[in-house]
$ cat final24.csv   # CSV, C-alpha atoms
chain,number,residue,atom,x,y,z
A,1,MET,CA,-25.6,130.3,90.5
A,2,ARG,CA,-23.8,130.0,87.3
A,3,SER,CA,-22.7,126.5,88.3
A,4,HIS,CA,-26.3,125.6,89.1
A,5,HIS,CA,-27.4,126.8,85.6
A,6,ARG,CA,-24.6,124.9,83.9
A,7,THR,CA,-25.6,121.7,85.7
A,8,ARG,CA,-29.2,122.1,84.7
A,9,PHE,CA,-28.2,122.7,81.1
A,10,LEU,CA,-25.9,119.7,80.9
A,11,ALA,CA,-28.6,117.5,82.4
A,12,SER,CA,-31.2,118.7,79.9
A,13,ALA,CA,-28.8,118.2,77.0
A,14,PHE,CA,-28.0,114.7,78.2
A,15,ALA,CA,-31.7,113.9,78.4
A,16,ALA,CA,-32.3,115.2,74.9
A,17,LEU,CA,-29.5,113.2,73.5
A,18,THR,CA,-30.8,110.1,75.2
A,19,VAL,CA,-34.3,110.6,73.6
A,20,VAL,CA,-32.7,111.1,70.2
A,21,GLY,CA,-30.6,108.0,70.7
A,22,VAL,CA,-33.7,105.9,71.6
A,23,LEU,CA,-35.7,107.3,68.7
A,24,ALA,CA,-32.8,106.6,66.3
A,25,GLY,CA,-32.6,103.1,67.7
A,26,CYS,CA,-36.3,102.6,67.2
A,27,SER,CA,-36.0,104.0,63.7
A,28,ARG,CA,-33.2,101.6,62.8
A,29,ALA,CA,-35.1,98.7,64.3
A,30,ALA,CA,-38.1,99.6,62.1
A,31,GLU,CA,-35.9,99.8,59.1
A,32,ASN,CA,-34.4,96.4,59.8
A,33,THR,CA,-37.8,94.8,60.1
A,34,ALA,CA,-39.7,96.9,57.5
A,35,PRO,CA,-40.5,94.4,54.8
A,36,ALA,CA,-41.4,91.7,57.3
A,37,ALA,CA,-39.8,88.6,55.9
A,38,ASN,CA,-41.5,86.5,58.5
A,39,ALA,CA,-44.2,88.0,60.6
A,40,GLY,CA,-44.9,84.6,62.2
A,41,ALA,CA,-48.1,82.7,61.9
A,42,ALA,CA,-50.9,84.5,60.1
A,43,THR,CA,-54.1,85.5,61.9
A,44,GLU,CA,-56.1,84.1,59.0
A,45,VAL,CA,-55.4,82.1,55.9
A,46,ARG,CA,-57.9,82.2,53.0
A,47,LEU,CA,-58.0,78.9,51.0
A,48,GLY,CA,-59.7,78.4,47.6
A,49,PHE,CA,-60.6,75.1,45.9
A,50,PHE,CA,-63.3,73.5,43.7
A,51,PRO,CA,-66.1,71.1,44.7
A,52,ASN,CA,-64.6,68.4,42.4
A,53,VAL,CA,-63.1,65.0,43.2
A,54,THR,CA,-59.9,66.3,41.6
A,55,HIS,CA,-59.6,68.6,44.6
A,56,ALA,CA,-60.0,65.7,47.1
A,57,PRO,CA,-57.0,66.7,49.3
A,58,ALA,CA,-58.6,70.1,49.9
A,59,LEU,CA,-62.0,68.6,50.6
A,60,ILE,CA,-60.6,66.0,53.0
A,61,GLY,CA,-58.3,68.5,54.6
A,62,VAL,CA,-61.2,70.8,55.4
A,63,LYS,CA,-63.8,68.2,56.4
A,64,LYS,CA,-61.5,66.1,58.6
A,65,ASP,CA,-59.8,69.2,60.1
A,66,PHE,CA,-56.3,68.2,59.0
A,67,PHE,CA,-55.7,71.9,58.1
A,68,LYS,CA,-57.0,73.2,61.4
A,69,GLN,CA,-55.0,70.8,63.4
A,70,GLU,CA,-51.8,72.1,61.9
A,71,LEU,CA,-52.8,75.8,61.7
A,72,GLY,CA,-53.4,76.1,65.5
A,73,SER,CA,-54.7,79.6,66.3
A,74,THR,CA,-54.7,80.7,62.6
A,75,LYS,CA,-58.3,81.0,61.3
A,76,LEU,CA,-59.1,79.0,58.2
A,77,THR,CA,-61.5,80.6,55.7
A,78,THR,CA,-62.5,78.7,52.6
A,79,GLN,CA,-64.1,79.7,49.3
A,80,THR,CA,-65.1,77.5,46.3
A,81,PHE,CA,-64.8,78.1,42.6
A,82,ASN,CA,-66.0,76.4,39.4
A,83,ALA,CA,-62.8,76.9,37.4
A,84,GLY,CA,-59.3,78.3,37.6
A,85,PRO,CA,-59.6,81.7,35.9
A,86,ASP,CA,-62.1,83.0,38.5
A,87,GLU,CA,-59.9,81.7,41.3
A,88,VAL,CA,-56.8,83.5,39.8
A,89,ASN,CA,-58.8,86.7,39.8
A,90,ALA,CA,-59.5,86.2,43.5
A,91,LEU,CA,-55.8,85.8,44.2
A,92,LEU,CA,-54.9,88.8,42.1
A,93,GLY,CA,-57.5,90.8,44.0
A,94,ASN,CA,-56.0,89.8,47.3
A,95,SER,CA,-59.1,88.0,48.5
A,96,LEU,CA,-57.3,84.6,48.6
A,97,ASP,CA,-53.9,83.5,50.0
A,98,ILE,CA,-53.6,79.9,48.9
A,99,ALA,CA,-55.4,78.0,46.2
A,100,TYR,CA,-55.9,74.6,44.8
A,101,ILE,CA,-56.1,75.0,41.0
A,102,GLY,CA,-55.4,73.4,37.6
A,103,SER,CA,-51.9,73.4,36.2
A,104,GLY,CA,-52.7,75.7,33.2
A,105,PRO,CA,-54.3,78.5,35.3
A,106,ALA,CA,-51.4,78.1,37.8
A,107,ILE,CA,-49.0,79.1,35.0
A,108,ASN,CA,-51.3,81.9,33.9
A,109,ALA,CA,-51.5,83.2,37.5
A,110,PHE,CA,-47.7,83.4,37.6
A,111,THR,CA,-47.7,85.3,34.3
A,112,LYS,CA,-50.6,87.7,35.1
A,113,SER,CA,-49.2,88.4,38.6
A,114,LYS,CA,-45.7,89.1,37.1
A,115,GLY,CA,-44.3,86.4,39.3
A,116,THR,CA,-46.0,87.2,42.6
A,117,ILE,CA,-48.1,84.0,42.5
A,118,GLN,CA,-46.1,80.8,42.8
A,119,LEU,CA,-46.5,77.1,42.7
A,120,ILE,CA,-45.8,75.3,46.0
A,121,SER,CA,-47.1,71.8,45.7
A,122,GLY,CA,-49.0,69.2,43.7
A,123,ALA,CA,-52.3,67.7,44.9
A,124,VAL,CA,-53.8,65.4,42.3
A,125,SER,CA,-52.7,63.6,39.1
A,126,GLY,CA,-55.1,62.4,36.4
A,127,GLY,CA,-58.8,62.6,36.5
A,128,ALA,CA,-59.8,64.3,33.2
A,129,GLN,CA,-61.4,62.7,30.1
A,130,LEU,CA,-63.1,63.7,26.9
A,131,VAL,CA,-66.5,62.0,27.1
A,132,VAL,CA,-68.9,62.1,24.2
A,133,LYS,CA,-72.2,60.7,22.8
A,134,PRO,CA,-72.0,57.0,22.0
A,135,ASP,CA,-72.4,57.6,18.2
A,136,ILE,CA,-69.1,59.6,18.0
A,137,ALA,CA,-66.9,56.7,17.0
A,138,SER,CA,-63.7,58.5,16.3
A,139,VAL,CA,-61.7,61.7,16.9
A,140,ASP,CA,-62.4,62.7,13.3
A,141,ALA,CA,-66.1,62.4,14.0
A,142,LEU,CA,-65.8,65.4,16.4
A,143,LYS,CA,-66.0,67.7,13.3
A,144,GLY,CA,-69.0,69.9,13.6
A,145,LYS,CA,-69.8,68.8,17.2
A,146,ASN,CA,-70.2,70.9,20.3
A,147,ILE,CA,-67.9,70.0,23.1
A,148,ALA,CA,-68.0,71.6,26.6
A,149,THR,CA,-65.2,72.7,28.9
A,150,PRO,CA,-65.5,74.2,32.4
A,151,GLN,CA,-64.3,77.7,31.5
A,152,LEU,CA,-62.3,79.6,28.9
A,153,ALA,CA,-58.6,79.0,29.4
A,154,ASN,CA,-59.1,76.6,32.3
A,155,THR,CA,-57.0,73.4,32.4
A,156,GLN,CA,-59.4,71.2,30.5
A,157,ASP,CA,-60.1,74.0,28.0
A,158,VAL,CA,-56.4,74.2,27.2
A,159,ALA,CA,-56.1,70.4,27.0
A,160,LEU,CA,-59.0,70.1,24.5
A,161,LYS,CA,-57.7,72.9,22.3
A,162,LYS,CA,-54.2,71.5,22.3
A,163,PHE,CA,-55.6,68.0,21.5
A,164,LEU,CA,-57.7,69.4,18.6
A,165,ALA,CA,-54.7,71.3,17.2
A,166,GLY,CA,-52.7,68.1,17.2
A,167,LYS,CA,-55.4,66.4,15.2
A,168,SER,CA,-55.7,69.4,12.7
A,169,LEU,CA,-59.2,70.0,14.0
A,170,THR,CA,-58.8,73.6,15.2
A,171,GLY,CA,-61.8,75.6,14.3
A,172,GLN,CA,-63.8,72.5,13.2
A,173,VAL,CA,-65.2,71.8,16.6
A,174,LYS,CA,-67.4,74.1,18.6
A,175,ILE,CA,-66.2,74.7,22.2
A,176,THR,CA,-68.7,75.8,24.7
A,177,ASN,CA,-67.6,77.0,28.2
A,178,LEU,CA,-70.1,75.8,30.9
A,179,ASP,CA,-70.1,75.3,34.6
A,180,ASN,CA,-69.7,71.5,35.2
A,181,SER,CA,-73.2,71.0,36.5
A,182,LYS,CA,-74.7,72.8,33.5
A,183,THR,CA,-72.7,70.6,31.2
A,184,LEU,CA,-74.4,67.5,32.6
A,185,ASP,CA,-77.8,69.0,32.0
A,186,ALA,CA,-76.9,70.3,28.5
A,187,PHE,CA,-75.6,66.8,27.6
A,188,LYS,CA,-78.8,65.2,28.7
A,189,LYS,CA,-80.8,67.7,26.6
A,190,GLY,CA,-78.6,67.2,23.6
A,191,GLU,CA,-77.3,70.8,23.6
A,192,VAL,CA,-73.7,69.6,23.7
A,193,ASP,CA,-72.2,66.4,22.3
A,194,GLY,CA,-69.7,65.9,25.1
A,195,GLY,CA,-67.1,67.5,27.3
A,196,TRP,CA,-63.4,67.5,28.3
A,197,LEU,CA,-64.1,67.3,32.0
A,198,PRO,CA,-62.5,66.7,35.4
A,199,GLU,CA,-63.8,64.2,37.9
A,200,PRO,CA,-66.5,63.6,39.0
A,201,TRP,CA,-68.1,65.2,35.9
A,202,SER,CA,-66.6,62.9,33.3
A,203,SER,CA,-67.9,59.9,35.4
A,204,ARG,CA,-71.3,61.6,35.8
A,205,LEU,CA,-71.7,61.9,32.1
A,206,VAL,CA,-70.7,58.3,31.5
A,207,LEU,CA,-72.7,56.7,34.3
A,208,ASP,CA,-75.6,59.1,34.7
A,209,ALA,CA,-76.1,60.2,31.1
A,210,GLY,CA,-74.8,57.5,28.9
A,211,ALA,CA,-71.6,59.1,27.5
A,212,LYS,CA,-68.5,57.1,26.5
A,213,VAL,CA,-64.8,57.9,26.9
A,214,LEU,CA,-63.2,59.0,23.7
A,215,VAL,CA,-59.9,60.2,25.2
A,216,ASP,CA,-58.5,59.6,28.6
A,217,GLU,CA,-56.0,62.4,29.2
A,218,LYS,CA,-53.7,60.0,31.1
A,219,ASP,CA,-52.9,58.4,27.7
A,220,LEU,CA,-51.5,61.6,26.5
A,221,TRP,CA,-48.7,61.9,29.2
A,222,PRO,CA,-45.6,60.0,29.9
A,223,GLY,CA,-46.4,57.3,32.5
A,224,GLY,CA,-50.0,58.4,32.6
A,225,ARG,CA,-49.1,61.1,35.1
A,226,PHE,CA,-49.8,64.8,34.8
A,227,PRO,CA,-50.6,67.6,37.3
A,228,THR,CA,-54.3,68.0,37.3
A,229,THR,CA,-54.5,70.0,40.5
A,230,VAL,CA,-51.7,71.9,42.2
A,231,VAL,CA,-51.3,74.4,45.0
A,232,ILE,CA,-50.3,78.0,44.5
A,233,VAL,CA,-49.8,80.9,46.9
A,234,ARG,CA,-49.4,84.7,46.9
A,235,SER,CA,-45.7,85.2,47.2
A,236,GLN,CA,-46.2,88.0,49.7
A,237,PHE,CA,-48.2,85.7,52.0
A,238,LEU,CA,-45.5,83.1,51.7
A,239,GLN,CA,-42.7,85.6,52.6
A,240,GLU,CA,-44.6,86.9,55.6
A,241,HIS,CA,-46.1,83.7,56.9
A,242,PRO,CA,-44.0,80.7,55.8
A,243,ASP,CA,-45.0,78.8,59.0
A,244,THR,CA,-48.6,79.1,58.0
A,245,VAL,CA,-47.9,77.8,54.4
A,246,ARG,CA,-46.0,74.9,55.9
A,247,ALA,CA,-48.9,74.1,58.2
A,248,VAL,CA,-51.3,74.0,55.2
A,249,LEU,CA,-49.0,71.7,53.3
A,250,LYS,CA,-48.5,69.5,56.3
A,251,GLY,CA,-52.3,69.3,56.6
A,252,GLN,CA,-52.5,68.3,53.0
A,253,LEU,CA,-50.0,65.5,53.4
A,254,ALA,CA,-51.9,64.2,56.4
A,255,ALA,CA,-55.2,64.3,54.4
A,256,ILE,CA,-53.5,62.4,51.5
A,257,ASP,CA,-52.0,59.8,53.8
A,258,TRP,CA,-55.3,59.3,55.6
A,259,ALA,CA,-57.2,58.9,52.3
A,260,LYS,CA,-54.7,56.3,51.1
A,261,ALA,CA,-55.1,54.4,54.3
A,262,ASN,CA,-58.9,54.7,54.4
A,263,PRO,CA,-60.1,54.7,50.8
A,264,ALA,CA,-63.7,53.9,51.5
A,265,ASP,CA,-63.9,56.6,54.2
A,266,ALA,CA,-62.2,59.1,51.9
A,267,LYS,CA,-64.9,58.6,49.3
A,268,THR,CA,-67.6,59.1,51.9
A,269,VAL,CA,-66.0,62.3,53.2
A,270,VAL,CA,-65.5,63.7,49.7
A,271,ASN,CA,-69.1,62.8,48.7
A,272,GLY,CA,-70.4,64.5,51.8
A,273,ALA,CA,-68.4,67.6,51.0
A,274,LEU,CA,-69.7,67.7,47.4
A,275,LYS,CA,-73.3,67.4,48.7
A,276,GLU,CA,-72.7,70.3,51.0
A,277,LEU,CA,-70.9,72.5,48.5
A,278,ALA,CA,-72.5,71.6,45.2
A,279,GLY,CA,-76.0,70.6,46.4
A,280,SER,CA,-75.9,66.9,45.5
A,281,SER,CA,-74.0,63.8,46.3
A,282,LEU,CA,-72.7,61.2,43.9
A,283,SER,CA,-73.9,57.6,43.4
A,284,PRO,CA,-71.5,54.9,44.7
A,285,ALA,CA,-70.7,53.9,41.2
A,286,VAL,CA,-69.7,57.5,40.2
A,287,ILE,CA,-67.6,58.2,43.3
A,288,ASP,CA,-65.8,54.8,42.8
A,289,ARG,CA,-65.1,55.5,39.1
A,290,ALA,CA,-63.9,59.0,39.8
A,291,PHE,CA,-61.5,57.9,42.5
A,292,SER,CA,-60.2,55.1,40.3
A,293,ASN,CA,-59.1,57.8,37.8
A,294,ILE,CA,-57.1,60.0,40.1
A,295,GLU,CA,-53.9,59.8,42.2
A,296,LEU,CA,-53.7,62.0,45.4
A,297,THR,CA,-50.1,63.2,45.5
A,298,SER,CA,-48.1,66.3,46.7
A,299,ASP,CA,-45.7,65.6,43.8
A,300,PRO,CA,-46.2,68.6,41.4
A,301,ILE,CA,-44.8,66.5,38.6
A,302,PRO,CA,-42.6,69.5,37.7
A,303,ALA,CA,-41.0,67.9,34.6
A,304,GLU,CA,-44.3,68.4,32.7
A,305,PHE,CA,-44.7,72.2,33.2
A,306,PRO,CA,-42.6,73.2,30.2
A,307,GLN,CA,-44.9,71.2,28.1
A,308,LEU,CA,-48.0,72.7,29.8
A,309,ALA,CA,-46.6,76.2,29.1
A,310,GLN,CA,-46.2,75.2,25.4
A,311,ASP,CA,-49.8,73.8,25.4
A,312,SER,CA,-51.2,77.2,26.4
A,313,VAL,CA,-49.6,78.6,23.2
A,314,THR,CA,-50.8,75.8,21.1
A,315,ALA,CA,-54.3,76.3,22.5
A,316,GLY,CA,-54.2,80.0,21.6
A,317,VAL,CA,-54.5,81.1,25.3
A,318,VAL,CA,-51.2,83.0,25.2
A,319,LYS,CA,-49.1,84.2,22.4
A,320,SER,CA,-45.7,83.1,23.6
A,321,VAL,CA,-44.2,80.4,25.9
A,322,VAL,CA,-43.9,81.6,29.5
A,323,ALA,CA,-40.4,81.6,31.0
A,324,LEU,CA,-40.9,79.5,34.1
A,325,LYS,CA,-37.9,80.4,36.1
A,326,GLY,CA,-39.1,81.5,39.5
A,327,PHE,CA,-42.5,79.9,38.9
A,328,ALA,CA,-42.1,77.5,41.9
A,329,ASP,CA,-41.0,77.7,45.5
A,330,PHE,CA,-40.8,74.2,46.9
A,331,GLY,CA,-39.0,75.3,50.0
A,332,PRO,CA,-42.0,74.9,52.3
A,333,LEU,CA,-43.0,71.6,50.8
A,334,ASN,CA,-39.5,70.2,51.0
A,335,ASP,CA,-39.3,71.3,54.7
A,336,VAL,CA,-42.5,69.2,55.4
A,337,LEU,CA,-41.3,66.3,53.3
A,338,LYS,CA,-38.0,66.2,55.2
A,339,THR,CA,-39.8,65.9,58.5
A,340,GLN,CA,-41.6,62.8,57.1
A,341,ASN,CA,-38.4,61.3,55.6
A,342,GLN,CA,-39.8,61.7,52.1
A,343,PRO,CA,-37.7,62.7,49.1
A,344,ALA,CA,-37.5,66.4,48.2
A,345,VAL,CA,-39.0,67.9,45.0
A,346,ASN,CA,-36.1,68.9,42.7
A,347,ALA,CA,-37.0,71.3,39.9
A,348,PRO,CA,-34.1,73.7,39.2
A,349,GLU,CA,-35.8,74.8,35.9
A,350,LEU,CA,-38.7,76.2,37.9
A,351,ILE,CA,-36.8,77.8,40.8
A,352,LYS,CA,-35.2,81.2,40.9

$ encode --input "final24.csv" --output "structure tokens"
Amino acid sequence: MRSHHRTRFLASAFAALTVVGVLAGCSRAAENTAPAANAGAATEVRLGFFPNVTHAPALIGVKKDFFKQELGSTKLTTQTFNAGPDEVNALLGNSLDIAYIGSGPAINAFTKSKGTIQLISGAVSGGAQLVVKPDIASVDALKGKNIATPQLANTQDVALKKFLAGKSLTGQVKITNLDNSKTLDAFKKGEVDGGWLPEPWSSRLVLDAGAKVLVDEKDLWPGGRFPTTVVIVRSQFLQEHPDTVRAVLKGQLAAIDWAKANPADAKTVVNGALKELAGSSLSPAVIDRAFSNIELTSDPIPAEFPQLAQDSVTAGVVKSVVALKGFADFGPLNDVLKTQNQPAVNAPELIK
């Protein structure tokens, strides 16, 4: 009997130890995978962009399903914005994952998020101009005038303020922040004297409202190239779903390649997207002029970001120059470029 009890006791003890071992193993497994470095493809990716020609890669990528083709089973949800600061708030509020945005707000997003929003690609170079009433014959004649920009601290707002500071005109020109569509109406009514605007709005003021170009921003940058639109991501989303980020970037490269091979069709697609998103399409002359002023490129033109960070200080948007170490993660983009035998983006000053 004693032997029988001893046998039952040993069996129970062994079973208990086995359960403990299994639980401990599960616990260790959970610890090892706790901050999921790569949770595989995301169930959904939320993408933000503007209904502007300067966001053509996003517009084409969505309308021609280049993103969807690469994303597979991952659901693509899109949201549009008028300017960068509102889009940054959406990223900070965790209601967006990836965003097409201006270079200035991209830097501000990195700063405000304490490094948890990062640059991952370029999208468009060029496509911003200071357009004014025909009787404004010189930069000095801007004194006392009212010039519009899309939003306080957005890319064009910073560019205008930096330009005025360089001409010793700070405080001598009124700057009004207006939605782009409202700027066109305000210009026609004489309520503003011009605007520093992205495409297609600079072209619309010129061709639809009689404005003239006083400054083409291309002329202010080396080689006429500067990052008008870039792509940023929440770092957590990138860490958890790098395959999904690569899929979006692969879709963007496909959209850009298609647009370059089919320029007339690309204009048609973008124009259709603008009609759907903004309520009106562009005349053939406007869409042609707008496209002639931009370059679709995944090159983020990284060498210009230190200057862009300084410009935000000059414009009075921030008090000190942002340290850009860690601002960019070009790993996903370089992975995609490598598969297409294209040169990698090398920007050690922006990488951790």

$ closest_residue --input "final24.csv" --among "A:Asp193, A:Leu47, A:Gln118, A:Ser125" --to "Ala148 of chain A" --atoms "only C-alpha atoms"
A:Asp193

$ closest_residue --input "final24.csv" --among "A:Ala278, A:Leu92, A:Ala285, A:Ile294" --to "Gly115 of chain A" --atoms "only C-alpha atoms"
A:Leu92

$ atom_distance --input "final24.csv" --atom1 "atom CA of Val313 of chain A" --atom2 "atom CA of Trp196 of chain A"
18.4 Å

$ closest_residue --input "final24.csv" --among "A:Leu71, A:Leu184, A:Val62, A:Ala266" --to "Trp201 of chain A" --atoms "all atoms listed in the file"
A:Leu184

$ closest_residue --input "final24.csv" --among "A:Ile60, A:Gly223, A:Asn108, A:Gln129" --to "Asn262 of chain A" --atoms "all atoms listed in the file"
A:Ile60

$ atom_distance --input "final24.csv" --atom1 "atom CA of Pro134 of chain A" --atom2 "atom CA of Gly210 of chain A"
7.5 Å

$ atom_distance --input "final24.csv" --atom1 "atom CA of Gly126 of chain A" --atom2 "atom CA of Pro227 of chain A"
6.9 Å

$ residues_around --input "final24.csv" --residues "Pro85 of chain A" --least-positions-apart "2" --cutoff "12 Å" --atoms "all atoms listed in the file" --output "PyMOL selection string"
chain A and resi 50+81-83+87-92+99-109+112+150-158+317

$ write_last_selection --input "final24.csv" --atoms "C-alpha atoms" --output "PDB file, keeping the file's coordinate frame"
ATOM      1  CA  PHE A  50     -63.300  73.500  43.700  1.00  0.00           C
ATOM      2  CA  PHE A  81     -64.800  78.100  42.600  1.00  0.00           C
ATOM      3  CA  ASN A  82     -66.000  76.400  39.400  1.00  0.00           C
ATOM      4  CA  ALA A  83     -62.800  76.900  37.400  1.00  0.00           C
ATOM      5  CA  GLU A  87     -59.900  81.700  41.300  1.00  0.00           C
ATOM      6  CA  VAL A  88     -56.800  83.500  39.800  1.00  0.00           C
ATOM      7  CA  ASN A  89     -58.800  86.700  39.800  1.00  0.00           C
ATOM      8  CA  ALA A  90     -59.500  86.200  43.500  1.00  0.00           C
ATOM      9  CA  LEU A  91     -55.800  85.800  44.200  1.00  0.00           C
ATOM     10  CA  LEU A  92     -54.900  88.800  42.100  1.00  0.00           C
ATOM     11  CA  ALA A  99     -55.400  78.000  46.200  1.00  0.00           C
ATOM     12  CA  TYR A 100     -55.900  74.600  44.800  1.00  0.00           C
ATOM     13  CA  ILE A 101     -56.100  75.000  41.000  1.00  0.00           C
ATOM     14  CA  GLY A 102     -55.400  73.400  37.600  1.00  0.00           C
ATOM     15  CA  SER A 103     -51.900  73.400  36.200  1.00  0.00           C
ATOM     16  CA  GLY A 104     -52.700  75.700  33.200  1.00  0.00           C
ATOM     17  CA  PRO A 105     -54.300  78.500  35.300  1.00  0.00           C
ATOM     18  CA  ALA A 106     -51.400  78.100  37.800  1.00  0.00           C
ATOM     19  CA  ILE A 107     -49.000  79.100  35.000  1.00  0.00           C
ATOM     20  CA  ASN A 108     -51.300  81.900  33.900  1.00  0.00           C
ATOM     21  CA  ALA A 109     -51.500  83.200  37.500  1.00  0.00           C
ATOM     22  CA  LYS A 112     -50.600  87.700  35.100  1.00  0.00           C
ATOM     23  CA  PRO A 150     -65.500  74.200  32.400  1.00  0.00           C
ATOM     24  CA  GLN A 151     -64.300  77.700  31.500  1.00  0.00           C
ATOM     25  CA  LEU A 152     -62.300  79.600  28.900  1.00  0.00           C
ATOM     26  CA  ALA A 153     -58.600  79.000  29.400  1.00  0.00           C
ATOM     27  CA  ASN A 154     -59.100  76.600  32.300  1.00  0.00           C
ATOM     28  CA  THR A 155     -57.000  73.400  32.400  1.00  0.00           C
ATOM     29  CA  GLN A 156     -59.400  71.200  30.500  1.00  0.00           C
ATOM     30  CA  ASP A 157     -60.100  74.000  28.000  1.00  0.00           C
ATOM     31  CA  VAL A 158     -56.400  74.200  27.200  1.00  0.00           C
ATOM     32  CA  VAL A 317     -54.500  81.100  25.300  1.00  0.00           C
TER      33      VAL A 317
END

$ closest_atom_pairs --input "final24.csv" --of "segment 265-338 of chain A" --to "segment 168-177 of chain A" --cutoff "12 Å" --atoms "only C-alpha atoms" --output "JSON lines"
{"residue": "A:Thr314", "atom": "CA", "partner": "A:Thr170", "partner_atom": "CA", "distance": 10.2}
{"residue": "A:Ala315", "atom": "CA", "partner": "A:Thr170", "partner_atom": "CA", "distance": 9.0}
{"residue": "A:Gly316", "atom": "CA", "partner": "A:Thr170", "partner_atom": "CA", "distance": 10.2}

$ closest_residue --input "final24.csv" --among "A:Ile256, A:Ile351, A:Val192, A:Ala58" --to "Val231 of chain A" --atoms "all atoms listed in the file"
A:Ala58

$ closest_residue --input "final24.csv" --among "A:Leu130, A:Ala41, A:Ala137, A:Leu142" --to "Leu197 of chain A" --atoms "all atoms listed in the file"
A:Leu130

$ residues_around --input "final24.csv" --residues "Val245 of chain A" --least-positions-apart "2" --cutoff "10 Å" --atoms "all atoms listed in the file" --output "CSV table (one decimal) with C-alpha atoms, keeping the file's coordinate frame"
chain,number,residue,atom,x,y,z
A,41,ALA,CA,-48.1,82.7,61.9
A,42,ALA,CA,-50.9,84.5,60.1
A,45,VAL,CA,-55.4,82.1,55.9
A,71,LEU,CA,-52.8,75.8,61.7
A,97,ASP,CA,-53.9,83.5,50.0
A,98,ILE,CA,-53.6,79.9,48.9
A,120,ILE,CA,-45.8,75.3,46.0
A,233,VAL,CA,-49.8,80.9,46.9
A,237,PHE,CA,-48.2,85.7,52.0
A,238,LEU,CA,-45.5,83.1,51.7
A,239,GLN,CA,-42.7,85.6,52.6
A,240,GLU,CA,-44.6,86.9,55.6
A,241,HIS,CA,-46.1,83.7,56.9
A,242,PRO,CA,-44.0,80.7,55.8
A,243,ASP,CA,-45.0,78.8,59.0
A,247,ALA,CA,-48.9,74.1,58.2
A,248,VAL,CA,-51.3,74.0,55.2
A,249,LEU,CA,-49.0,71.7,53.3
A,250,LYS,CA,-48.5,69.5,56.3
A,251,GLY,CA,-52.3,69.3,56.6
A,332,PRO,CA,-42.0,74.9,52.3
A,333,LEU,CA,-43.0,71.6,50.8

$ residues_around --input "final24.csv" --residues "Lys218 of chain A" --least-positions-apart "5" --cutoff "8 Å" --atoms "only C-alpha atoms" --output "mmCIF file with C-alpha atoms, in the coordinates of the input"
data_model
loop_
_atom_site.group_PDB
_atom_site.id
_atom_site.type_symbol
_atom_site.label_atom_id
_atom_site.label_comp_id
_atom_site.auth_asym_id
_atom_site.auth_seq_id
_atom_site.Cartn_x
_atom_site.Cartn_y
_atom_site.Cartn_z
ATOM 1 C CA GLY A 126 -55.100 62.400 36.400
ATOM 2 C CA GLY A 127 -58.800 62.600 36.500
ATOM 3 C CA ALA A 128 -59.800 64.300 33.200
ATOM 4 C CA GLY A 223 -46.400 57.300 32.500
ATOM 5 C CA GLY A 224 -50.000 58.400 32.600
ATOM 6 C CA ARG A 225 -49.100 61.100 35.100
ATOM 7 C CA PHE A 226 -49.800 64.800 34.800
#

$ residues_around --input "final24.csv" --residues "Asp135 of chain A" --least-positions-apart "4" --cutoff "10 Å" --atoms "all atoms listed in the file" --output "PyMOL selection string"
chain A and resi 141+193+211-212
